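Reviewing the structure listed below.
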Amino acid sequence: MMELSLTPARHLDKFIEDHLLPDTPFRRRVKKAVNDICSFLKERCFQGAPHRVRVSKVVKGGSSGKGTALRGRSDADLVVFLSELRSFQEQLDRRGEFIGEIRRQLEAFQRETGVQFEIQGSRWEKPRALSFVFRSPELDDKVEFDVLPAFDVLRLWPAGPELHIHEGYRPDPQIYVKLINECTRLGKEGEFSPCFTELQRAFLRQRPTKLKSLIRLVKHWYQLSKEQLGKPLPQQYALELLTVYAWERGCKETCFSTAEGFRTVLELVVGYRQLCIYWTKYYDSENLVIVQYLIRQLKQPRPVILDPADPTGNVAGGGGWQRLAQEAAAWLSYPCFKNWDGSPVGSWDIALQGESEDSWTCAIL
């Protein structure tokens with residue numbers, strides 16, 4: 001596999017096509033693996049539970065659900081919405097119980113069928129998810145799963161019709177008011193993002209094909225950097241959102257220069273101390289509770305990248321930005337950012353949000 005760093009800028013699209021886009025057999029095998037696990041979760045997982053538990057739905061997130069999977073590397077977040085969870089507090093209190101039951105049933109399923117699961121241990125006393133690697137006779141590659149029990153807040157609170165997420169969909173603002181109040185009370189900001197997986201997935205799935213290819217390229221670069229640097233690093237999801245932001249602010253075309261987009265994202269990583277990024281696609285920017293909370297969030301130390309589906313989640317929080325920025329700065333001189341004549345590739349013109357307090361306050365209000 002030709003190294004990305006040595007790939008000329010004009011060949012990046014071919015690099016993505018040849019090495020990063022999942023091929024049809026791989027997509028088919030991953031789809032079957034996901035469907036097998038979803039069927040297990042919906043149809044048999046809680047049959048022997050001490051009290052009746054009903055799975056209302058299983059929603060596929062992660063790269064598989066968002067349409068940004070890399071060839072040979074797939075991860076799927078399977079969010080299991082349970083009828084017994086009717087509040088954020090109940091999700092927090094009872095998810096360990098449900099994760100334990102899912103683990104027991106998976107182990108029994110493995111003994112009965114011979115399907116191979118490698119269940120990962122957790123360093124947390126009360127983990128948010130059950131993590132495992134799935135293999136089957138039909139699957140040459142492994143698929144990594146995180147199974148997360150969740151409260152179906154979008155459908156169950158406030159009680160309403162069956163959820164249908166379309167292009168103009170926006171949740172009832174009282175859902176976010178409830179989320180903000182609960183997270184503030186519990187000190188658990190970002191803890192309940194699995195409840196909004198359908199919005200996270202819709203936010204990325206509706207994007208142009210070429211933007212998804214650019215996201216794959218950035219994710220591949222991130223994985224190379226992770227192998228080189230080790231942990232801690234920022235969340236990969238932060239880099240995905242940063243790529244969407246770069247495209248929205250600097251391009252918004254369905255056809256663009258991949259090298260320019262790639263360079264723009266890495267320049268944003270280098271300038272991480274100025275990042276203050278948010279979207280109000282799903283938040284009601286006229287609700288006073290939501291607006292005041294957003295302003296508090298955006299006053300946090302940079303970088304700030306708010307999850308577009310969950311205003312309590314700053315996905316840019318945590319360490320590792322300085323190390324990743326140094327790596328990005330080094331990459332900007334590599335052949336993948338050089339034109340055929342040796343001149344540097346240009347980047348999109350982006351005025352960073354949050355350069356002054358007035359700019360982001362007025363943008364929300």
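Every chain in the structure tokens has a letter given in the order shown (A, B, ...), and although residue numbers restart at 1 in each chain, ligands are simply numbered from 1 in the order shown.
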Subject >> Long-range neighbours of region 128-134 of chain A as a PyMOL selection string, 6 Å cut-off, only C-alpha atoms, 6 positions minimum in chain >> reply: chain A and resi 117-120+142-148
Give me, as CSV, the closest atom pair and its distance (Å, one decimal) for every residue of region 280-362 of chain A within a cut-off of 7 Å of region 162-176 of chain A, counting only C-alpha atoms, rows sorted by chain and rising number.
residue,atom,partner,partner_atom,distance
A:Tyr282,CA,A:Arg170,CA,4.9
A:Tyr283,CA,A:Pro173,CA,6.9
A:Asp284,CA,A:Pro173,CA,5.8
Next, write the just-selected residues to a file, as a compact mmCIF listing (two decimals), in the first residue's frame, keeping N, CA and C atoms as the atom set.
# COMPACT_ATOMS: atom_id res chain seq x y z
N TYR A 282 -30.05 21.07 15.18
CA TYR A 282 -31.03 20.36 16.00
C TYR A 282 -31.40 21.12 17.27
N TYR A 283 -30.59 22.09 17.67
CA TYR A 283 -30.90 22.86 18.88
C TYR A 283 -31.83 24.01 18.54
N ASP A 284 -32.76 24.32 19.41
CA ASP A 284 -33.63 25.48 19.24
C ASP A 284 -32.90 26.70 19.80
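Near Ser257 (chain A), within 12 Å and counting only C-alpha atoms, sit Ala9, Arg10, His11, Leu12, Asp13, Lys210, Leu211, Ser213, Leu214, Trp247, Gly250, Cys251, Lys252, Phe262, Arg263, Thr264, Phe337, Asn339, Val345, Gly346, Ser347 and Trp348 of chain A, not including residues fewer than 5 positions from it in the same chain.
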Mind writing the picked residues with C-alpha atoms as a tab-separated table (two decimals), in the first residue's frame?
chain	number	residue	atom	x	y	z
A	9	ALA	CA	-1.69	15.70	-4.16
A	10	ARG	CA	-3.18	15.03	-7.61
A	11	HIS	CA	-3.42	11.30	-6.79
A	12	LEU	CA	-5.23	11.53	-3.44
A	13	ASP	CA	-8.62	10.70	-4.96
A	210	LYS	CA	-16.85	13.33	-1.83
A	211	LEU	CA	-17.01	14.88	1.63
A	213	SER	CA	-14.30	10.39	1.12
A	214	LEU	CA	-12.41	13.34	2.62
A	247	TRP	CA	-16.14	21.95	4.09
A	250	GLY	CA	-14.59	26.88	3.10
A	251	CYS	CA	-16.20	25.09	0.19
A	252	LYS	CA	-19.76	23.66	0.27
A	262	PHE	CA	-7.18	17.75	3.52
A	263	ARG	CA	-4.71	20.61	4.00
A	264	THR	CA	-7.46	22.82	5.45
A	337	PHE	CA	0.39	18.66	-0.19
A	339	ASN	CA	1.33	20.41	-6.72
A	345	VAL	CA	-1.34	23.13	-2.36
A	346	GLY	CA	-3.65	25.93	-1.27
A	347	SER	CA	-6.29	25.66	1.44
A	348	TRP	CA	-9.84	26.91	1.86
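Closest to Lys338 (chain A) among A:Glu43, A:Glu253, A:Glu112, A:Glu260 is A:Glu260, based on only C-alpha atoms.
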**OP:** Mind listing the helix (DSSP H, G or I) residues of region 134-335 of chain A, per DSSP on the backbone, as a PyMOL selection string?
**Re:** chain A and resi 153-156+173-186+193-205+209-229+236-250+258-270+272-274+288-298+321-331+335
Could you write out the selected residues, including C-alpha atoms, as a JSON list (two decimals), in the first residue's frame?
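What follows is the written file selection.json:
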[["chain", "number", "residue", "atom", "x", "y", "z"],
["A", 153, "VAL", "CA", -35.69, 10.15, 24.70],
["A", 154, "LEU", "CA", -36.45, 11.30, 21.13],
["A", 155, "ARG", "CA", -39.46, 8.99, 20.93],
["A", 156, "LEU", "CA", -40.63, 8.63, 24.51],
["A", 173, "PRO", "CA", -36.67, 21.82, 22.60],
["A", 174, "GLN", "CA", -37.90, 20.45, 25.94],
["A", 175, "ILE", "CA", -35.82, 17.33, 25.25],
["A", 176, "TYR", "CA", -32.66, 19.44, 25.31],
["A", 177, "VAL", "CA", -33.90, 21.43, 28.30],
["A", 178, "LYS", "CA", -34.34, 18.14, 30.15],
["A", 179, "LEU", "CA", -30.92, 16.92, 29.00],
["A", 180, "ILE", "CA", -29.19, 20.13, 30.08],
["A", 181, "ASN", "CA", -30.90, 20.15, 33.48],
["A", 182, "GLU", "CA", -30.07, 16.49, 34.14],
["A", 183, "CYS", "CA", -26.44, 16.75, 32.98],
["A", 184, "THR", "CA", -25.92, 19.87, 35.07],
["A", 185, "ARG", "CA", -27.47, 18.24, 38.13],
["A", 186, "LEU", "CA", -25.53, 15.00, 37.75],
["A", 193, "SER", "CA", -24.91, 11.16, 23.69],
["A", 194, "PRO", "CA", -25.93, 7.57, 22.72],
["A", 195, "CYS", "CA", -29.55, 8.69, 23.13],
["A", 196, "PHE", "CA", -29.01, 10.97, 20.12],
["A", 197, "THR", "CA", -27.26, 8.46, 17.85],
["A", 198, "GLU", "CA", -29.93, 8.79, 15.16],
["A", 199, "LEU", "CA", -29.23, 12.52, 14.90],
["A", 200, "GLN", "CA", -25.45, 12.01, 14.84],
["A", 201, "ARG", "CA", -25.89, 9.49, 12.04],
["A", 202, "ALA", "CA", -28.25, 11.70, 10.04],
["A", 203, "PHE", "CA", -25.88, 14.67, 10.40],
["A", 204, "LEU", "CA", -23.15, 12.80, 8.50],
["A", 205, "ARG", "CA", -25.06, 10.40, 6.25],
["A", 209, "THR", "CA", -20.12, 11.46, -1.30],
["A", 210, "LYS", "CA", -16.85, 13.33, -1.83],
["A", 211, "LEU", "CA", -17.01, 14.88, 1.63],
["A", 212, "LYS", "CA", -17.38, 11.38, 3.10],
["A", 213, "SER", "CA", -14.30, 10.39, 1.12],
["A", 214, "LEU", "CA", -12.41, 13.34, 2.62],
["A", 215, "ILE", "CA", -13.57, 12.22, 6.08],
["A", 216, "ARG", "CA", -12.16, 8.76, 5.34],
["A", 217, "LEU", "CA", -8.84, 10.31, 4.33],
["A", 218, "VAL", "CA", -8.68, 12.36, 7.53],
["A", 219, "LYS", "CA", -9.59, 9.27, 9.59],
["A", 220, "HIS", "CA", -6.83, 7.31, 7.86],
["A", 221, "TRP", "CA", -4.36, 10.08, 8.66],
["A", 222, "TYR", "CA", -5.60, 10.06, 12.26],
["A", 223, "GLN", "CA", -5.04, 6.29, 12.51],
["A", 224, "LEU", "CA", -1.50, 6.66, 11.12],
["A", 225, "SER", "CA", -0.85, 9.41, 13.67],
["A", 226, "LYS", "CA", -2.26, 7.26, 16.45],
["A", 227, "GLU", "CA", 0.13, 4.43, 15.53],
["A", 228, "GLN", "CA", 3.00, 6.90, 15.56],
["A", 229, "LEU", "CA", 2.10, 8.93, 18.64],
["A", 236, "GLN", "CA", -11.63, 10.62, 16.12],
["A", 237, "TYR", "CA", -15.20, 11.96, 16.06],
["A", 238, "ALA", "CA", -13.78, 15.45, 16.68],
["A", 239, "LEU", "CA", -11.73, 15.11, 13.47],
["A", 240, "GLU", "CA", -14.81, 13.97, 11.53],
["A", 241, "LEU", "CA", -16.75, 17.03, 12.70],
["A", 242, "LEU", "CA", -13.76, 19.28, 12.01],
["A", 243, "THR", "CA", -13.77, 18.01, 8.41],
["A", 244, "VAL", "CA", -17.49, 18.80, 8.03],
["A", 245, "TYR", "CA", -16.87, 22.27, 9.46],
["A", 246, "ALA", "CA", -13.96, 22.91, 7.07],
["A", 247, "TRP", "CA", -16.14, 21.95, 4.09],
["A", 248, "GLU", "CA", -19.15, 23.98, 5.25],
["A", 249, "ARG", "CA", -17.09, 27.09, 5.91],
["A", 250, "GLY", "CA", -14.59, 26.88, 3.10],
["A", 258, "THR", "CA", -9.30, 16.71, -1.99],
["A", 259, "ALA", "CA", -5.76, 17.96, -1.32],
["A", 260, "GLU", "CA", -7.06, 21.46, -0.49],
["A", 261, "GLY", "CA", -9.69, 20.03, 1.85],
["A", 262, "PHE", "CA", -7.18, 17.75, 3.52],
["A", 263, "ARG", "CA", -4.71, 20.61, 4.00],
["A", 264, "THR", "CA", -7.46, 22.82, 5.45],
["A", 265, "VAL", "CA", -8.36, 20.22, 8.08],
["A", 266, "LEU", "CA", -4.73, 19.76, 9.11],
["A", 267, "GLU", "CA", -4.27, 23.55, 9.33],
["A", 268, "LEU", "CA", -7.29, 23.66, 11.64],
["A", 269, "VAL", "CA", -5.66, 20.98, 13.79],
["A", 270, "VAL", "CA", -2.49, 23.09, 13.92],
["A", 272, "TYR", "CA", -6.59, 24.02, 17.57],
["A", 273, "ARG", "CA", -6.32, 26.74, 20.24],
["A", 274, "GLN", "CA", -8.78, 28.88, 18.24],
["A", 288, "LEU", "CA", -33.56, 30.70, 26.59],
["A", 289, "VAL", "CA", -32.34, 27.67, 28.60],
["A", 290, "ILE", "CA", -30.61, 26.22, 25.53],
["A", 291, "VAL", "CA", -29.10, 29.56, 24.46],
["A", 292, "GLN", "CA", -27.71, 30.33, 27.92],
["A", 293, "TYR", "CA", -26.24, 26.85, 28.17],
["A", 294, "LEU", "CA", -24.61, 27.10, 24.72],
["A", 295, "ILE", "CA", -23.00, 30.39, 25.70],
["A", 296, "ARG", "CA", -21.55, 28.74, 28.82],
["A", 297, "GLN", "CA", -20.27, 25.83, 26.74],
["A", 298, "LEU", "CA", -18.59, 28.13, 24.24],
["A", 321, "TRP", "CA", -4.19, 18.21, 20.73],
["A", 322, "GLN", "CA", -0.68, 19.63, 21.00],
["A", 323, "ARG", "CA", 0.90, 16.34, 19.92],
["A", 324, "LEU", "CA", -1.54, 15.92, 17.05],
["A", 325, "ALA", "CA", -0.97, 19.55, 15.98],
["A", 326, "GLN", "CA", 2.79, 18.97, 15.83],
["A", 327, "GLU", "CA", 2.23, 15.92, 13.66],
["A", 328, "ALA", "CA", -0.13, 17.86, 11.38],
["A", 329, "ALA", "CA", 2.40, 20.69, 11.02],
["A", 330, "ALA", "CA", 5.07, 18.19, 9.93],
["A", 331, "TRP", "CA", 2.73, 16.64, 7.37],
["A", 335, "PRO", "CA", 4.38, 15.40, -1.07]]
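Rounded to one decimal, CA of Leu275 (chain A) and CA of Val304 (chain A) lie 5.8 Å from each other.
Going from CA of Lys32 (chain A) to CA of Lys66 (chain A) covers 16.6 Å.
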**OP:** Per DSSP on the backbone, filter region 62-243 of chain A down to the residues in strand (DSSP E) and report them as a PyMOL selection string.
**Re:** chain A and resi 74-82+116-119+130-136+139-150
**OP:** Just give me the gap between CA of Phe98 (chain A) and CA of Phe81 (chain A) in Å, one decimal is fine.
**Re:** 11.0 Å
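Of the listed residues (A:Lys231, A:Lys31, A:Arg111, A:Lys281), A:Lys31 comes nearest to Ala76 (chain A); the distances count only C-alpha atoms.
Considering the residues A:Pro22, A:Gly65, A:Leu4, A:Leu92 and counting only C-alpha atoms, Asp77 (chain A) has its shortest atom-to-atom contact with A:Gly65.
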**OP:** Tell me which protein, DNA and RNA residues are within 8 Å of Tyr278 (chain A), counting only C-alpha atoms, leaving out same-chain ones fewer than 6 positions away, and put them as an MDAnalysis selection string.
**Re:** chainID A and resid 305:308
Can I get the selected residues back with C-alpha atoms, as a PDB file, in the first residue's frame?
ATOM      1  CA  ILE A 305     -16.328  21.309  19.173  1.00  0.00           C
ATOM      2  CA  LEU A 306     -19.875  20.658  20.332  1.00  0.00           C
ATOM      3  CA  ASP A 307     -21.580  17.469  19.253  1.00  0.00           C
ATOM      4  CA  PRO A 308     -24.255  18.669  16.785  1.00  0.00           C
TER       5      PRO A 308
END
